[in-house]
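Engineer: Right, I'll just put the structure down here and ask away after.
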Amino acid sequence: MKKMIQLIGLLLICLTAQAQTFTEILKKELSFEKKSEANALMLFNMSGDVKVTGYEGDKILIEVEKKVIGKTQARLELGKKEIQLGVLDRADTLIVYTEGVCNSFGKSTRKENWRTKWNGYGYNWEDCKGRDCDKEYDYEMNYSIKVPRNINVVVSAVNNGYVRIEGTSKSVSADNVNGSIQLKNI
């Protein structure tokens, strides 16, 4: 009987030590205010998969699986609050990014900054100096986006995922620091 109580106690400790997971699907529909040959989607993701598929429509259809993992309810709630889908509308260019990560996102004004290859947009890696950027939770933002076949596409990803772009007919730029890149029917 004593061993049975110890076993049940150990089991309860193991169950409470497990991480809690929150998952939600975010959907957004975007369109270009200014339609032109220069129309572009720029997508920046710090953690998770990116899949971009060209289609015959004229809207950008975004679906994101947002997953937050925290070891306590408080950490899980913090992650749910901080990690968001960010969008910048520049009339002929739509910029989609993961908001709430340690590094701020925006446009650099420095000429020597590495972000100049993306028209100056990206995460500011110097932003973390002097700050504790170790998150109390883990997260992934897994993007699945349908884009008009005839727009330019720029995708940059960093951790925990792949980049897959297919079925587009204009310029494509794909970067992935810690994962694979697959281009199909480009």
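Ordered as shown in the structure tokens, chains take letters A, B, and onward, while each chain numbers its residues from 1 and ligands are numbered from 1 in the order shown.
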Give me the residues near A:Asn159 as an NGL selection string, where near means some atom within 10 Å (using only C-alpha atoms) and where sequence neighbours in that chain fewer than 2 positions away do not count.

Structural biologist: :A and (45-49 or 140 or 157 or 161-162 or 176-179)

Engineer: Write out as number ranges by chain the residues lying within 12 Å of A:Leu78, counting only C-alpha atoms and excluding same-chain residues fewer than 5 positions away.

Structural biologist: A: 22, 68-73, 83-84, 100-101, 135-139

Engineer: Report, in Å to a single decimal, how far apart atom CA of A:Ile62 and atom CA of A:Lys28 are.

Structural biologist: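 Answer for the atom CA of A:Lys28 to atom CA of A:Ile62 separation: 5.1 Å.
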
Engineer: Of the residues A:Tyr97, A:Phe44, A:Tyr55, A:Phe32, which is the one nearest to A:Pro148, using only C-alpha atoms?

Structural biologist: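 Smallest distance to A:Pro148 is found for A:Tyr55.
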
Engineer: Quick one: residues within 9 Å of A:Val163, only C-alpha atoms counted, chain neighbours fewer than 3 positions away excluded, as a PyMOL selection string?

Structural biologist: chain A and resi 49-52+155-157+174-176+179-183

Engineer: Between A:Leu41, A:Met141, A:Leu76, A:Leu61, which residue has the minimum interatomic distance to A:Ile25, considering only C-alpha atoms?

Structural biologist: A:Met141

Engineer: Out of A:Lys81, A:Lys67, A:Asp134, A:Gly54, which residue has the shortest atom-to-atom distance to A:Arg164 when counting only C-alpha atoms?

Structural biologist: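 The closest residue to A:Arg164 is A:Gly54.
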
Engineer: Which distance in Å separates atom CA of A:Lys184 and atom CA of A:Glu56, to one decimal?

Structural biologist: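 Between atom CA of A:Lys184 and atom CA of A:Glu56 the gap is 16.4 Å.
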
Engineer: Could you name the residues that touch A:Met42 at 8 Å or less, counting only C-alpha atoms, but leaving out those on the same chain fewer than 6 positions away, as number ranges by chain?

Structural biologist: A: 93-96, 153-155
